[in-house]
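Quick look at work.txt (compact mmCIF, C-alpha atoms):
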# COMPACT_ATOMS: atom_id res chain seq x y z
CA MET J 73 3.70 -42.56 -4.22
CA SER J 74 5.48 -45.49 -2.54
CA MET J 75 4.37 -46.93 0.81
CA GLU J 76 7.62 -45.72 2.40
CA SER J 77 7.12 -42.12 1.24
CA GLY J 78 3.49 -42.20 2.38
CA ILE J 79 4.52 -43.33 5.85
CA ARG J 80 7.23 -40.63 5.92
CA ARG J 81 4.73 -37.90 5.04
CA ALA J 82 2.34 -39.16 7.71
CA ALA J 83 5.13 -39.09 10.30
CA ASP J 84 6.06 -35.51 9.31
CA ALA J 85 2.43 -34.36 9.56
CA PHE J 86 2.09 -36.00 12.95
CA ALA J 87 5.35 -34.50 14.27
CA SER J 88 4.39 -30.99 13.13
CA SER J 89 0.94 -31.16 14.74
CA PHE J 90 2.40 -32.69 17.91
CA ARG J 91 4.92 -29.82 18.21
CA ASP J 92 2.25 -27.19 17.57
CA ALA J 93 -0.08 -28.69 20.18
CA ILE J 94 2.65 -28.82 22.83
CA ASN J 95 3.60 -25.19 22.15
CA ALA J 96 -0.03 -24.04 22.15
CA ARG J 97 -0.56 -25.67 25.53
CA GLY J 98 2.61 -24.10 26.92
CA LEU J 99 4.01 -27.40 28.15
CA THR J 100 7.56 -28.65 28.15
CA LEU J 101 8.24 -32.17 26.99
CA ALA J 102 9.40 -32.99 30.53
CA ARG J 103 6.07 -31.80 31.98
CA LEU J 104 4.11 -33.85 29.42
CA HIS J 105 6.20 -36.89 30.33
CA GLU J 106 5.44 -36.31 34.02
CA LEU J 107 1.69 -36.05 33.36
CA LEU J 108 1.75 -39.27 31.34
CA ARG J 109 3.60 -41.09 34.13
CA SER J 110 0.93 -39.96 36.61
CA ARG J 111 -1.62 -41.75 34.39
CA GLY J 112 0.39 -44.95 34.35
CA ASN J 113 1.83 -44.46 30.86
CA SER J 114 5.50 -45.40 30.79
CA VAL J 115 6.45 -43.86 27.42
CA SER J 116 9.98 -42.50 27.74
CA MET J 117 11.25 -38.94 27.30
CA ALA J 118 13.40 -40.17 24.42
CA THR J 119 10.36 -41.61 22.65
CA LEU J 120 8.41 -38.36 23.08
CA SER J 121 11.39 -36.47 21.66
CA TYR J 122 11.54 -38.81 18.66
CA TRP J 123 7.83 -38.30 18.02
CA ARG J 124 8.17 -34.51 18.25
CA SER J 125 11.11 -34.43 15.84
CA GLY J 126 9.57 -36.89 13.39
CA ALA J 127 12.45 -39.35 13.76
CA ARG J 128 9.92 -41.99 14.81
CA ARG J 129 6.16 -42.40 14.88
CA PRO J 130 3.92 -44.08 17.47
CA GLU J 131 3.59 -47.83 16.87
CA GLY J 132 1.97 -50.56 18.90
CA VAL J 133 -0.67 -50.76 21.59
CA GLN J 134 1.23 -49.04 24.40
CA SER J 135 2.25 -46.10 22.22
CA MET J 136 -1.30 -45.67 20.95
CA ALA J 137 -2.61 -45.74 24.52
CA ALA J 138 -0.12 -42.99 25.40
CA LEU J 139 -1.25 -41.01 22.35
CA THR J 140 -4.86 -41.12 23.54
CA ASP J 141 -3.76 -39.59 26.84
CA ILE J 142 -1.60 -37.02 25.04
CA GLU J 143 -4.57 -35.81 22.99
CA GLU J 144 -6.54 -35.29 26.19
CA LEU J 145 -3.66 -33.61 28.05
CA LEU J 146 -3.05 -31.22 25.14
CA GLY J 147 -6.74 -30.29 24.91
CA LEU J 148 -7.20 -31.88 21.49
CA GLU J 149 -10.21 -33.71 20.14
CA ARG J 150 -9.95 -37.46 20.48
CA GLY J 151 -8.20 -38.91 17.43
CA ALA J 152 -6.75 -35.55 16.30
CA LEU J 153 -3.18 -36.87 16.36
CA THR J 154 -3.95 -40.54 15.78
CA ALA J 155 -5.68 -39.76 12.49
CA LEU J 156 -2.48 -38.18 11.15
CA LEU J 157 -0.52 -41.44 11.38
CA GLY J 158 -2.17 -42.99 8.35
CA THR J 159 -1.64 -46.68 7.75
CA THR J 160 1.22 -48.84 8.96
CA ASN J 161 2.51 -52.22 7.88
CA ARG J 162 3.14 -53.24 11.48
CA THR J 163 0.89 -54.58 14.20
CA GLY J 164 3.29 -53.29 16.86
CA PRO J 165 4.23 -55.33 19.94
CA LEU J 166 1.58 -58.00 20.44
CA GLY J 167 2.45 -59.18 23.93
CA PRO J 168 1.45 -62.60 25.22
CA ASN J 169 -1.67 -64.36 24.02
CA GLN J 170 -3.04 -66.46 26.86
CA PHE J 171 -6.27 -67.66 28.38
CA PRO J 172 -7.44 -64.84 30.66
CA LEU J 173 -8.60 -67.10 33.53
CA ASP J 174 -6.45 -69.41 35.63
CA GLU J 175 -8.73 -72.42 35.10
CA ALA J 176 -7.34 -75.31 33.05
CA GLU J 177 -10.63 -77.24 32.77
CA LEU J 178 -12.45 -74.16 31.53
CA GLU J 179 -9.73 -73.49 28.95
CA ARG J 180 -10.08 -77.06 27.66
CA ALA J 181 -13.81 -76.48 27.22
CA VAL J 182 -13.10 -73.22 25.39
CA LYS J 183 -10.73 -75.05 23.00
CA GLU J 184 -13.44 -77.60 22.28
CA VAL J 185 -15.96 -74.86 21.51
CA TYR J 186 -13.45 -73.17 19.20
CA ALA J 187 -12.95 -76.46 17.37
CA ALA J 188 -16.71 -77.00 17.03
CA LEU J 189 -17.05 -73.49 15.57
CA GLY J 190 -14.21 -74.14 13.13
CA ALA J 191 -12.06 -71.43 14.72
CA ARG J 192 -8.31 -71.38 15.38
CA TYR J 193 -7.08 -71.45 18.96
CA PRO J 194 -5.69 -69.12 20.06
CA ASP J 195 -7.61 -66.61 18.00
CA PRO J 196 -5.25 -64.56 15.76
CA SER J 197 -7.27 -61.36 16.20
CA ARG J 198 -6.95 -58.85 19.01
CA GLU J 199 -9.22 -56.19 20.45
CA LEU J 200 -7.61 -52.76 20.22
CA THR J 201 -10.45 -50.92 21.95
CA THR J 202 -13.51 -52.47 23.56
CA HIS J 203 -16.56 -50.87 25.20
CA SER J 204 -18.86 -53.29 27.02
CA VAL J 205 -22.17 -51.94 28.36
CA THR J 206 -24.41 -54.03 30.63
CA ASP J 207 -27.96 -53.17 31.71
CA VAL J 208 -29.40 -54.49 34.99
CA ASP J 209 -33.16 -55.05 35.34
CA ALA J 210 -35.58 -53.98 38.07
CA VAL J 211 -34.86 -57.02 40.26
CA GLY J 212 -31.10 -56.59 40.07
CA ASN J 213 -30.12 -59.15 37.43
CA VAL J 214 -28.23 -58.71 34.17
CA TRP J 215 -30.69 -58.69 31.29
CA ARG J 216 -28.64 -57.43 28.33
CA SER J 217 -25.12 -56.47 27.35
CA LEU J 218 -23.86 -54.68 24.26
CA THR J 219 -20.20 -54.82 23.21
CA ARG J 220 -18.48 -52.73 20.54
CA SER J 221 -14.87 -53.48 19.64
CA ILE J 222 -12.17 -52.40 17.21
CA VAL J 223 -10.58 -55.69 16.18
CA GLN J 224 -7.31 -56.25 14.32
CA SER J 225 -5.80 -59.15 12.43
CA THR J 226 -2.37 -59.88 13.89
CA VAL J 227 -1.29 -62.35 11.23
CA GLY J 228 -2.61 -63.50 7.86
CA THR J 229 -6.25 -63.07 6.87
CA ILE J 230 -9.18 -63.28 9.29
CA ARG J 231 -12.71 -63.87 8.07
CA ALA J 232 -14.46 -64.65 11.37
CA ILE J 233 -13.89 -64.19 15.09
CA PRO J 234 -15.26 -66.38 17.91
CA PHE J 235 -16.99 -64.64 20.82
CA LEU J 236 -17.79 -66.53 24.01
CA GLU J 237 -19.96 -66.22 27.10
CA LEU J 238 -18.43 -67.94 30.15
CA THR J 239 -20.11 -68.87 33.44
CA PRO J 240 -17.29 -70.62 35.37
CA GLY J 241 -18.64 -73.19 37.79
CA GLU J 242 -22.28 -72.61 36.80
CA ARG J 243 -24.23 -74.59 34.24
CA THR J 244 -26.48 -72.31 32.19
CA PRO J 245 -28.56 -72.46 29.03
CA ALA J 246 -27.20 -70.64 25.99
CA PRO J 247 -27.83 -66.89 26.08
CA LEU J 248 -29.02 -65.17 22.93
CA ILE J 249 -25.91 -63.74 21.23
CA GLU J 250 -26.63 -61.64 18.13
CA ALA J 251 -24.59 -59.57 15.69
CA VAL J 252 -25.54 -55.89 15.78
CA SER J 253 -23.11 -54.47 13.23
CA GLY J 254 -20.00 -55.40 11.29
CA GLY J 255 -20.97 -58.94 10.35
CA ARG J 256 -23.26 -61.86 11.09
CA ILE J 257 -23.42 -64.94 13.32
CA ALA J 258 -22.27 -67.85 11.15
CA ALA J 259 -22.28 -70.63 13.77
CA ARG J 260 -23.22 -71.35 17.39
CA HIS J 261 -22.05 -73.99 19.85
CA SER J 262 -22.44 -74.66 23.57
CA HIS J 263 -20.14 -76.96 25.51
CA PRO J 264 -21.83 -79.92 27.23
CA ASN J 265 -20.68 -78.58 30.61
CA GLY J 266 -22.98 -75.56 30.14
CA GLU J 267 -20.21 -73.13 31.15
CA VAL J 268 -19.04 -72.07 27.68
CA HIS J 269 -21.33 -70.75 24.95
CA GLY J 270 -19.86 -69.45 21.73
CA VAL J 271 -20.68 -67.92 18.38
CA LEU J 272 -18.62 -67.39 15.25
CA PHE J 273 -18.90 -63.76 14.15
CA GLU J 274 -18.31 -63.65 10.39
CA LEU J 275 -16.90 -60.26 9.35
CA GLU J 276 -18.39 -58.15 6.56
CA ALA J 277 -15.04 -58.31 4.76
CA PRO J 278 -11.83 -60.27 5.40
CA LEU J 279 -9.14 -58.58 7.50
CA ILE J 280 -5.56 -58.80 6.24
CA ALA J 281 -2.99 -58.05 8.95
CA PRO J 282 -2.69 -55.40 10.29
CA GLU J 283 -6.09 -54.12 9.13
CA THR J 284 -8.84 -53.29 11.63
CA SER J 285 -12.61 -53.39 11.68
CA ILE J 286 -15.39 -52.44 14.10
CA VAL J 287 -17.82 -55.09 15.30
CA GLU J 288 -20.75 -54.93 17.67
CA TRP J 289 -22.72 -57.73 19.28
CA SER J 290 -25.37 -58.14 21.97
CA VAL J 291 -26.13 -60.77 24.59
CA GLU J 292 -29.59 -61.25 26.12
CA TYR J 293 -30.62 -63.77 28.74
CA PRO J 294 -33.81 -65.80 28.22
CA PRO J 295 -36.56 -66.26 30.84
CA GLY J 296 -35.53 -68.79 33.46
CA TYR J 297 -31.83 -68.02 33.04
CA PRO J 298 -30.00 -68.23 36.39
CA PRO J 299 -29.75 -64.76 38.00
CA GLN J 300 -26.51 -63.01 37.04
CA ARG J 301 -25.19 -60.32 39.34
CA GLU J 302 -21.80 -59.88 37.84
CA THR J 303 -20.48 -58.76 34.51
CA GLY J 304 -17.18 -57.99 32.83
CA HIS J 305 -14.96 -58.58 29.84
CA ALA J 306 -12.02 -60.94 29.28
CA LEU J 307 -9.04 -60.28 27.01
CA ALA J 308 -6.53 -62.82 25.72
CA ARG J 309 -4.16 -60.05 24.54
CA GLN J 310 -3.39 -56.55 25.72
CA SER J 311 -5.93 -53.98 24.58
CA ARG J 312 -5.39 -50.27 24.05
CA GLU J 313 -8.49 -49.45 26.10
CA LEU J 314 -11.16 -51.48 27.88
CA LEU J 315 -14.34 -49.91 29.24
CA VAL J 316 -16.87 -51.87 31.29
CA TRP J 317 -19.98 -49.79 31.99
CA THR J 318 -22.71 -51.28 34.20
CA ARG J 319 -26.05 -49.45 34.30
CA PHE J 320 -28.55 -50.23 37.07
CA HIS J 321 -32.33 -49.91 36.96
CA PRO J 322 -33.40 -47.07 39.33
CA ASP J 323 -35.40 -49.62 41.36
CA ALA J 324 -32.36 -51.90 41.77
CA LEU J 325 -29.47 -49.75 42.90
CA PRO J 326 -27.12 -52.14 44.74
CA ASP J 327 -25.99 -51.82 48.34
CA ARG J 328 -22.56 -53.27 47.64
CA ILE J 329 -20.43 -53.22 44.47
CA GLU J 330 -17.07 -54.92 44.10
CA GLU J 331 -14.58 -54.66 41.26
CA ARG J 332 -12.56 -57.76 40.38
CA VAL J 333 -9.43 -57.65 38.25
CA GLU J 334 -7.74 -60.91 37.29
CA THR J 335 -4.40 -60.87 35.45
CA PRO J 336 -1.36 -63.18 35.29
CA ALA J 337 -0.04 -61.20 38.28
CA GLY J 338 -2.99 -62.26 40.45
CA VAL J 339 -6.47 -61.19 41.52
CA THR J 340 -7.41 -57.88 43.13
CA THR J 341 -10.78 -56.78 44.46
CA THR J 342 -11.87 -53.24 45.26
CA VAL J 343 -15.09 -51.92 46.79
CA LEU J 344 -16.77 -49.37 44.52
CA ASP J 345 -19.36 -46.69 45.30
CA LEU J 346 -22.11 -45.42 43.03
CA GLY J 347 -21.66 -41.97 44.54
CA GLY J 348 -25.25 -40.97 43.82
CA ARG J 349 -25.16 -42.27 40.26
CA SER J 350 -27.12 -45.14 38.71
CA SER J 351 -24.14 -46.69 36.96
CA VAL J 352 -20.50 -47.59 37.48
CA HIS J 353 -17.80 -47.60 34.85
CA GLN J 354 -14.33 -49.14 34.85
CA VAL J 355 -11.63 -48.05 32.42
CA ARG J 356 -8.22 -49.64 31.86
CA ARG J 357 -5.60 -48.67 29.31
CA ALA J 358 -2.97 -51.11 28.07
CA PHE J 359 -4.88 -53.88 29.88
CA GLY J 360 -4.67 -57.63 29.29
CA PRO J 361 -4.43 -60.51 29.20
CA GLY J 362 -6.96 -60.64 31.99
CA VAL J 363 -10.51 -60.00 33.14
CA LEU J 364 -12.07 -56.75 34.30
CA GLY J 365 -15.40 -57.21 36.04
CA VAL J 366 -17.84 -56.07 38.68
CA SER J 367 -20.34 -57.81 40.98
CA TRP J 368 -23.12 -56.45 43.20
CA SER J 369 -25.53 -57.44 45.97
CA TYR J 370 -28.45 -56.17 48.05
CA ASP J 371 -29.18 -56.00 51.76
CA ASP J 372 -32.87 -56.88 51.42
CA GLY J 373 -32.15 -60.47 50.42
CA ARG J 374 -33.48 -60.20 46.89
Please re-express this file's structure in structure tokens.
Amino acid sequence: MSMESGIRRAADAFASSFRDAINARGLTLARLHELLRSRGNSVSMATLSYWRSGARRPEGVQSMAALTDIEELLGLERGALTALLGTTNRTGPLGPNQFPLDEAELERAVKEVYAALGARYPDPSRELTTHSVTDVDAVGNVWRSLTRSIVQSTVGTIRAIPFLELTPGERTPAPLIEAVSGGRIAARHSHPNGEVHGVLFELEAPLIAPETSIVEWSVEYPPGYPPQRETGHALARQSRELLVWTRFHPDALPDRIEERVETPAGVTTTVLDLGGRSSVHQVRRAFGPGVLGVSWSYDDGR
């Protein structure tokens, strides 16, 4: 079977299941469009109609983000429709690739760390979906973070991906960055300014565009590391979904929590509330380039 016929069959299977799910839920296409708009998804009525008829199939980050919402709105298991799409020979719209922070000196240091690691700048991979989980210790400081990401090659073949820890304006020793799954740490380098620490994550197998892989890595902070009361994740390209989950020790529930979102459009801050919980999570779809983060503090002066 040719690639073209395989893609056609996948599109037909998707369209049929999409139609059945809409009918089973008793929704009109107009109502589904309205619900998607209320979630910030700007997929058009025409596009939804094309998907339902099989004339087109979802492609690209924004369409896949809409599809995730559609599965939820139609009461389907996550991935029920996405799995029917099969493979594609397109990466979809990539959007801009730019340094997520508006700090020229820091970007220069990042470029130097990339060069020392033997990595291309900008990195030709992108994160399709990333979940970043940070644990806070009993005195209120970050002690460990774990990040799992679906990464994609956007062009050519990728064998390794650089991952960095940034502490803008603060000189720190190198944290302990380790590969958990999906590859190994092939190289490490810290910039002399102490604000940029990087590793080269060598993948288990090369990625040929537009293939994807799942990687997972951890960051721990050694004794004597400057107290960190903020966490977050930075993206150089738009991601389908970004989750930042911060979990506090029961003896260190903060008195104040503030979300910070930095994008090319500017910086916004929002006060958050634990609401009786011991953690706070932030979710953004079709987010990036930019930084999604959170900081916290205590009234007792700790």
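Nearest to Thr284 (chain J) of all the residues J:Ser197, J:Thr342, J:Arg216, J:Phe235 is J:Ser197, based on all atoms listed in the file.
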Margin query: Can you pull out the residues contacting region 313-327 of chain J? Cut-off 7 Å, using all atoms listed in the file, and skip same-chain residues under 6 positions away; I want them as a PyMOL selection string.
Written below: chain J and resi 200-212+304+350-359+368-371
Output C-alpha atoms for every residue in the selection just made, as a short mmCIF file (atom, residue, chain, number, x, y, z; two decimals), in the coordinates of the input.
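The resulting file, selection14.cif, is shown below:
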data_model
loop_
_atom_site.label_atom_id
_atom_site.label_comp_id
_atom_site.auth_asym_id
_atom_site.auth_seq_id
_atom_site.Cartn_x
_atom_site.Cartn_y
_atom_site.Cartn_z
CA LEU J 200 -7.61 -52.76 20.22
CA THR J 201 -10.45 -50.92 21.95
CA THR J 202 -13.51 -52.47 23.56
CA HIS J 203 -16.56 -50.87 25.20
CA SER J 204 -18.86 -53.29 27.02
CA VAL J 205 -22.17 -51.94 28.36
CA THR J 206 -24.41 -54.03 30.63
CA ASP J 207 -27.96 -53.17 31.71
CA VAL J 208 -29.40 -54.49 34.99
CA ASP J 209 -33.16 -55.05 35.34
CA ALA J 210 -35.58 -53.98 38.07
CA VAL J 211 -34.86 -57.02 40.26
CA GLY J 212 -31.10 -56.59 40.07
CA GLY J 304 -17.18 -57.99 32.83
CA SER J 350 -27.12 -45.14 38.71
CA SER J 351 -24.14 -46.69 36.96
CA VAL J 352 -20.50 -47.59 37.48
CA HIS J 353 -17.80 -47.60 34.85
CA GLN J 354 -14.33 -49.14 34.85
CA VAL J 355 -11.63 -48.05 32.42
CA ARG J 356 -8.22 -49.64 31.86
CA ARG J 357 -5.60 -48.67 29.31
CA ALA J 358 -2.97 -51.11 28.07
CA PHE J 359 -4.88 -53.88 29.88
CA TRP J 368 -23.12 -56.45 43.20
CA SER J 369 -25.53 -57.44 45.97
CA TYR J 370 -28.45 -56.17 48.05
CA ASP J 371 -29.18 -56.00 51.76
#
Note to self: Let me make sure I understand: among J:Arg349, J:Leu139, J:Pro196, J:Ala277, which one has the smallest atom-to-atom distance to Ser225 (chain J) if we use only C-alpha atoms?
What the structure shows: J:Pro196
Check: Within 12 Å of Asn95 (chain J), counting all atoms listed in the file, which residues qualify if same-chain residues fewer than 4 places away don't, as a list in words?
Finding: Ser88, Ser89, Phe90, Arg91, Leu99, Thr100, Leu101, Leu104, Arg124, Leu146 and Gly147 of chain J
Notebook entry, point to check: In terms of the shortest atom-to-atom distance over only C-alpha atoms, which of J:Val185, J:Ala191, J:Met136, J:Val268 is closest to Glu242 (chain J)?
Noted result: J:Val268
